[in-house]
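Asker: Below is a structure I'd like to ask you about.
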Amino acid sequence: MSISLALFSPPTQPLPLFSSSPSKPHLTVKPHLSLRPSKFLTTTKASAENGAGTSPSAATALEIQPDQKVAETPRQVVQKGESSVGANGSAGAVEIEEDNVLSQFMDPKWVGGTWDLSQFQKDGKTDWDAVIDAEARRRKWLEGNPETSSNDAPIVFDTSIIPWWAWIKRFHLPEAELLNGRAAMIGFFMAYLVDSLTGVGLVDQMGNFFCKTLLFIAVVGVLLIRKNEDLENLKKLLDETTFYDKQWQATWQDEKPGSSKN
Amino acid sequence: MASVALKSFVGLRQQASTEKPHYFFTSQSQTKPPRKLKFQVLASKSSPRLTNRNLRVAVIGGGPAGGAAAETLAKGGIETYLIERKMDNCKPCGGAIPLCMVGEFDLPLDIIDRRVTKMKMISPSNVAVDIGQTLKPHEYIGMVRREVLDAYLRERAKTNGAEVINGLFLKMDVPKDGVSPYVLHYNGFDGKVGGVGEKRTLEVDAVIGADGANSRVAKAIDAGDYDYAIAFQERIKIPDDKMAYYEDLAEMYVGDDVSPDFYGWVFPKCDHVAVGTGTVTHKGDIKKFQLATRKRAKDKILGGKIIRVEAHPIPEHPRPRRLLGRVALVGDAAGYVTKCSGEGIYFAAKSGRMCAEAIIEGSENGKRMVDERDLRKYLEKWDKTYWPTYKVLDVLQKVFYRSNPAREAFVEMCADEYVQKMTFDSYLYKTVAPGNPLQDLKLAVNTIGSLVRANALKKEMDKLSV
Ligand SMILES: Cc1cc2nc3c(=O)[nH]c(=O)nc-3n(C[C@H](O)[C@H](O)[C@H](O)COP(=O)(O)OP(=O)(O)OC[C@H]3O[C@@H](n4cnc5c(N)ncnc54)[C@H](O)[C@@H]3O)c2cc1C
């Protein structure tokens, strides 16, 4: 199924990988899993080793000031140990207050939670290209300035109001051209292959609607793979997916004849 | 032995979809005090009969897993001990339970603080969809306080004959042969708060480790590690007028700001809300994510007071070893939390019960000694029943929680009534309803449409930054 993920992974954005630890004795460790280790600030493991078994709820006392800054240096917040038996949480009465800086996306064409299409008219027709541009700009802005969600001013803009041909024209999306029988067959075959590799039995589970959906996404995912980079990503993802299966199956590999009596 | 077990695991693939997660219990019948359970006798004919006493089993940890295990054991004629270090333990937890848990575990309605019927899913660009529209009048997600639920389950185990011990389990001596007892070492508190307690030992024939993510039982059997997510939660008391909004509503926020690989939540509790988030990949940034979650919900929690801050690990997958000799792990100790939804209460209680059932069956209601083969039955059944659920949620998380475009598409998808119905059915009842092929097809097309659009926009956004 992992094929599908190629869809969400533009080559410019390397995929975040599992922060898996190569420390497990029973698992095969793939080298790529430790790629870019600096990205992961994982320092503690929920291990039987250092957990010392107790940390009642690993409750952590955080000092939260009303005007706490986000920029604070990240710290590991979970402490394990036996120190906190009896203290399940820390009570600090802190008020949630209004910021002085109210960041809100503003644009004269953004009216009532949607793009005012009447302002996007060109030659008597809606200029969808401009709408796409505007929405891309809005989302970009929001990534830098996440906004408070509000019930009084809901977002009603829905990308599906932009007709499909506007997308195709704009992005030369190849799906339409590529969606032919042969490609679909390859996709399906790949999905089956992944399925049998992982042993999940997703195909057996055809009654499950999620699986069917995912199978579909997988097919399209395959159609979208055009570059070598994509294939690299795909390989990583495949390993990653099977990694989860291995984690589950570890219990069964562990079994050796004679281990039943202890 | 090895081949037998492996075969049955592979056998998963053929049977998984037809299996129902009910085995010995017909959960629908919510009537009457404990019925005597009848078990088929299949295994361990070889294991010795016990004379003058019944099988003794210790359950370590009194969370949902331990409580459910101890109750089942006691009902099944086992001499049961439940060791919990803190009787009023308030495990950091969102406290959301599926409807089927109420029925299957006969929970009284008064321990459910709130019945959530509206679930708001909020995308990175703040598109909000209510995914509870298809719920029938009697359907809801229960919100419980863990101190209440856990105490109730322990109490019920006690009523059924389990001995509940207030003590901190330290370690155990593992016997060399198949009949000698395990010797458990613990500090007994006798209900006294504070102090280190009194060193005591307890001899038992089998042990169920239900002591959560930092399990000492797991350590004792060298069960290995699992990856874990760190979840952070603040309990916030908000003004009454704000609370009215959360009366029967919970919120889930998704976005890179809130968590790179999970979701942020606002769950209603008895008289306050729990605001939290979690992550596996960027644990060091958890406070930043928490601030972002609070910020996204700010309008609705303005003026609130933080009354408690808590954090706890959530396992990502089972430990490499879940069983050794006559010791088995259940619940968080084993690593049974689903991806995507982060759900673990129901699975903890279910695994506790399933493990107990395997012990009862293997020991013929406490009359015989058990061995590893008997306990393995629990693992086999567990993996067979729930592995597909875990897998599907793992894939879903990988697909939809990874990037903002995927999240936007996910939220768009959730606006679809058909999706809502399927999602809720599978969450509330833990069964997979057969889909309607035409609807499935429509859904697939729509999902792909959403994904393609969101990714196209993302490409455009990337261009903007250059
Ligand atoms: C912030 C957060 C939110 C969550 N939200 C949800 C949610 O909304 N819905 C959901 O279904 N799941 C949720 N989960 C997951 C859920 O909390 C766990 O999966 C569940 O509690 C597992 O139950 P358990 O019985 O296995 O372990 P626990 O609940 O951890 O219980 C372990 C028990 O063992 C005791 N113990 C531990 N060590 C010892 C010892 N040495 N001696 C004696 N006693 C010991 C502890 O005191 C504790 O009572 C959440 C988790 C977190 C961290």
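Chains: A, B, ... in order of the structure tokens. Residues: from 1 per chain. Ligands: from 1, in order shown.
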Per residue of chain B within 7 Å of ligand 1, which atom pair is closest and at what distance in Å (one decimal), using only C-alpha atoms and all ligand atoms, listed by chain and increasing number, as JSON lines?

Answerer:
{"residue": "B:Ile60", "atom": "CA", "partner": "ligand 1", "partner_atom_place_in_ligand_line": "43 (C)", "distance": 5.7}
{"residue": "B:Gly61", "atom": "CA", "partner": "ligand 1", "partner_atom_place_in_ligand_line": "34 (O)", "distance": 3.1}
{"residue": "B:Gly62", "atom": "CA", "partner": "ligand 1", "partner_atom_place_in_ligand_line": "49 (O)", "distance": 4.6}
{"residue": "B:Gly63", "atom": "CA", "partner": "ligand 1", "partner_atom_place_in_ligand_line": "25 (O)", "distance": 3.5}
{"residue": "B:Pro64", "atom": "CA", "partner": "ligand 1", "partner_atom_place_in_ligand_line": "25 (O)", "distance": 4.1}
{"residue": "B:Ala65", "atom": "CA", "partner": "ligand 1", "partner_atom_place_in_ligand_line": "25 (O)", "distance": 3.8}
{"residue": "B:Gly66", "atom": "CA", "partner": "ligand 1", "partner_atom_place_in_ligand_line": "25 (O)", "distance": 5.6}
{"residue": "B:Ile83", "atom": "CA", "partner": "ligand 1", "partner_atom_place_in_ligand_line": "43 (C)", "distance": 5.3}
{"residue": "B:Glu84", "atom": "CA", "partner": "ligand 1", "partner_atom_place_in_ligand_line": "44 (N)", "distance": 3.8}
{"residue": "B:Arg85", "atom": "CA", "partner": "ligand 1", "partner_atom_place_in_ligand_line": "43 (C)", "distance": 4.0}
{"residue": "B:Lys86", "atom": "CA", "partner": "ligand 1", "partner_atom_place_in_ligand_line": "47 (O)", "distance": 5.3}
{"residue": "B:Asn89", "atom": "CA", "partner": "ligand 1", "partner_atom_place_in_ligand_line": "49 (O)", "distance": 5.7}
{"residue": "B:Lys91", "atom": "CA", "partner": "ligand 1", "partner_atom_place_in_ligand_line": "29 (O)", "distance": 5.9}
{"residue": "B:Pro92", "atom": "CA", "partner": "ligand 1", "partner_atom_place_in_ligand_line": "1 (C)", "distance": 5.0}
{"residue": "B:Cys93", "atom": "CA", "partner": "ligand 1", "partner_atom_place_in_ligand_line": "3 (C)", "distance": 3.4}
{"residue": "B:Gly94", "atom": "CA", "partner": "ligand 1", "partner_atom_place_in_ligand_line": "5 (N)", "distance": 3.4}
{"residue": "B:Gly95", "atom": "CA", "partner": "ligand 1", "partner_atom_place_in_ligand_line": "8 (O)", "distance": 4.1}
{"residue": "B:Ala96", "atom": "CA", "partner": "ligand 1", "partner_atom_place_in_ligand_line": "8 (O)", "distance": 3.8}
{"residue": "B:Ile97", "atom": "CA", "partner": "ligand 1", "partner_atom_place_in_ligand_line": "11 (O)", "distance": 5.3}
{"residue": "B:Gly167", "atom": "CA", "partner": "ligand 1", "partner_atom_place_in_ligand_line": "43 (C)", "distance": 5.7}
{"residue": "B:Leu168", "atom": "CA", "partner": "ligand 1", "partner_atom_place_in_ligand_line": "42 (N)", "distance": 3.7}
{"residue": "B:Phe169", "atom": "CA", "partner": "ligand 1", "partner_atom_place_in_ligand_line": "42 (N)", "distance": 3.7}
{"residue": "B:Leu170", "atom": "CA", "partner": "ligand 1", "partner_atom_place_in_ligand_line": "41 (N)", "distance": 5.8}
{"residue": "B:Ala210", "atom": "CA", "partner": "ligand 1", "partner_atom_place_in_ligand_line": "26 (O)", "distance": 5.3}
{"residue": "B:Asp211", "atom": "CA", "partner": "ligand 1", "partner_atom_place_in_ligand_line": "34 (O)", "distance": 3.6}
{"residue": "B:Gly212", "atom": "CA", "partner": "ligand 1", "partner_atom_place_in_ligand_line": "30 (O)", "distance": 3.6}
{"residue": "B:Ala213", "atom": "CA", "partner": "ligand 1", "partner_atom_place_in_ligand_line": "30 (O)", "distance": 6.0}
{"residue": "B:Asn214", "atom": "CA", "partner": "ligand 1", "partner_atom_place_in_ligand_line": "38 (N)", "distance": 6.8}
{"residue": "B:Ser215", "atom": "CA", "partner": "ligand 1", "partner_atom_place_in_ligand_line": "38 (N)", "distance": 5.9}
{"residue": "B:Arg216", "atom": "CA", "partner": "ligand 1", "partner_atom_place_in_ligand_line": "41 (N)", "distance": 5.7}
{"residue": "B:Ala231", "atom": "CA", "partner": "ligand 1", "partner_atom_place_in_ligand_line": "1 (C)", "distance": 4.6}
{"residue": "B:Phe232", "atom": "CA", "partner": "ligand 1", "partner_atom_place_in_ligand_line": "1 (C)", "distance": 5.4}
{"residue": "B:Gln233", "atom": "CA", "partner": "ligand 1", "partner_atom_place_in_ligand_line": "1 (C)", "distance": 5.4}
{"residue": "B:Gly276", "atom": "CA", "partner": "ligand 1", "partner_atom_place_in_ligand_line": "1 (C)", "distance": 6.8}
{"residue": "B:Ala311", "atom": "CA", "partner": "ligand 1", "partner_atom_place_in_ligand_line": "1 (C)", "distance": 6.0}
{"residue": "B:His312", "atom": "CA", "partner": "ligand 1", "partner_atom_place_in_ligand_line": "53 (C)", "distance": 4.3}
{"residue": "B:Pro313", "atom": "CA", "partner": "ligand 1", "partner_atom_place_in_ligand_line": "53 (C)", "distance": 5.5}
{"residue": "B:Ile314", "atom": "CA", "partner": "ligand 1", "partner_atom_place_in_ligand_line": "53 (C)", "distance": 5.4}
{"residue": "B:Val330", "atom": "CA", "partner": "ligand 1", "partner_atom_place_in_ligand_line": "26 (O)", "distance": 6.3}
{"residue": "B:Gly331", "atom": "CA", "partner": "ligand 1", "partner_atom_place_in_ligand_line": "26 (O)", "distance": 3.4}
{"residue": "B:Asp332", "atom": "CA", "partner": "ligand 1", "partner_atom_place_in_ligand_line": "26 (O)", "distance": 3.8}
{"residue": "B:Ala333", "atom": "CA", "partner": "ligand 1", "partner_atom_place_in_ligand_line": "26 (O)", "distance": 5.8}
{"residue": "B:Tyr336", "atom": "CA", "partner": "ligand 1", "partner_atom_place_in_ligand_line": "19 (O)", "distance": 6.8}
{"residue": "B:Val337", "atom": "CA", "partner": "ligand 1", "partner_atom_place_in_ligand_line": "19 (O)", "distance": 5.4}
{"residue": "B:Gly342", "atom": "CA", "partner": "ligand 1", "partner_atom_place_in_ligand_line": "13 (C)", "distance": 5.9}
{"residue": "B:Glu343", "atom": "CA", "partner": "ligand 1", "partner_atom_place_in_ligand_line": "11 (O)", "distance": 3.7}
{"residue": "B:Gly344", "atom": "CA", "partner": "ligand 1", "partner_atom_place_in_ligand_line": "19 (O)", "distance": 3.1}
{"residue": "B:Ile345", "atom": "CA", "partner": "ligand 1", "partner_atom_place_in_ligand_line": "11 (O)", "distance": 3.8}
{"residue": "B:Tyr346", "atom": "CA", "partner": "ligand 1", "partner_atom_place_in_ligand_line": "11 (O)", "distance": 5.7}
{"residue": "B:Ala348", "atom": "CA", "partner": "ligand 1", "partner_atom_place_in_ligand_line": "26 (O)", "distance": 4.7}
{"residue": "B:Ala349", "atom": "CA", "partner": "ligand 1", "partner_atom_place_in_ligand_line": "25 (O)", "distance": 6.8}

Asker: Counting only C-alpha atoms, which residue out of B:Gly303, B:Pro268, B:Gly76, B:Gly362 sits closest to chain A?

Answerer: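 Among the listed residues, B:Gly303 lies closest to chain A.
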
Asker: Please identify all polymer residues within 10 Å of Trp164 in chain A, counting only C-alpha atoms, omitting same-chain residues fewer than 5 positions from it, and present them as a list of chain:residue names.

Answerer: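 Result of the neighbour search: A:Lys169, A:Arg170, B:Gly449, B:Arg453.
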
Asker: Store the residues picked out above, limited to N, CA and C atoms, as a JSON list (two decimals), in the first residue's frame.

Answerer:
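File produced: out.json:
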[["chain", "number", "residue", "atom", "x", "y", "z"],
["A", 169, "LYS", "N", -5.35, 22.17, -16.56],
["A", 169, "LYS", "CA", -4.76, 23.17, -17.42],
["A", 169, "LYS", "C", -3.54, 23.78, -16.73],
["A", 170, "ARG", "N", -3.72, 24.03, -15.46],
["A", 170, "ARG", "CA", -2.70, 24.73, -14.71],
["A", 170, "ARG", "C", -1.46, 23.86, -14.47],
["B", 449, "GLY", "N", -9.23, 12.99, -5.81],
["B", 449, "GLY", "CA", -9.42, 14.38, -6.20],
["B", 449, "GLY", "C", -8.90, 15.32, -5.14],
["B", 453, "ARG", "N", -5.66, 17.86, -5.58],
["B", 453, "ARG", "CA", -5.81, 19.31, -5.44],
["B", 453, "ARG", "C", -4.90, 19.85, -4.35]]

Asker: Would you pick out the contacts of Arg56 in chain B at 12 Å or less, using only C-alpha atoms, so that residues sharing its chain but fewer than 2 positions from it are not included, and give the list as a ChimeraX atom specification?

Answerer: /B:50,53-54,58-59,70,73-74,76-82,162-163,179-183,202-208,326,356,359-360,363,365-370

Asker: Which of these residues is nearest to chain B, using only C-alpha atoms: A:Thr242, A:Gln249, A:Ser160, A:Thr148?

Answerer: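 Among A:Thr242, A:Gln249, A:Ser160, A:Thr148, it is A:Thr148 that comes nearest to chain B.
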
Asker: I need the residues in range 25-240 of chain B that are helix (DSSP H, G or I) according to DSSP; give them as a VMD selection string.

Answerer: chain B and resid 64 to 75 99 to 104 109 to 111 146 to 159 216 to 220 240

Asker: From a backbone DSSP assignment, name each residue in range 75-264 of chain B labelled strand (DSSP E), as a PyMOL selection string.

Answerer: chain B and resi 79-84+96-97+112-116+118-122+128-130+141-144+163-173+182-188+198-204+206-209+228-237+249-255+259-264
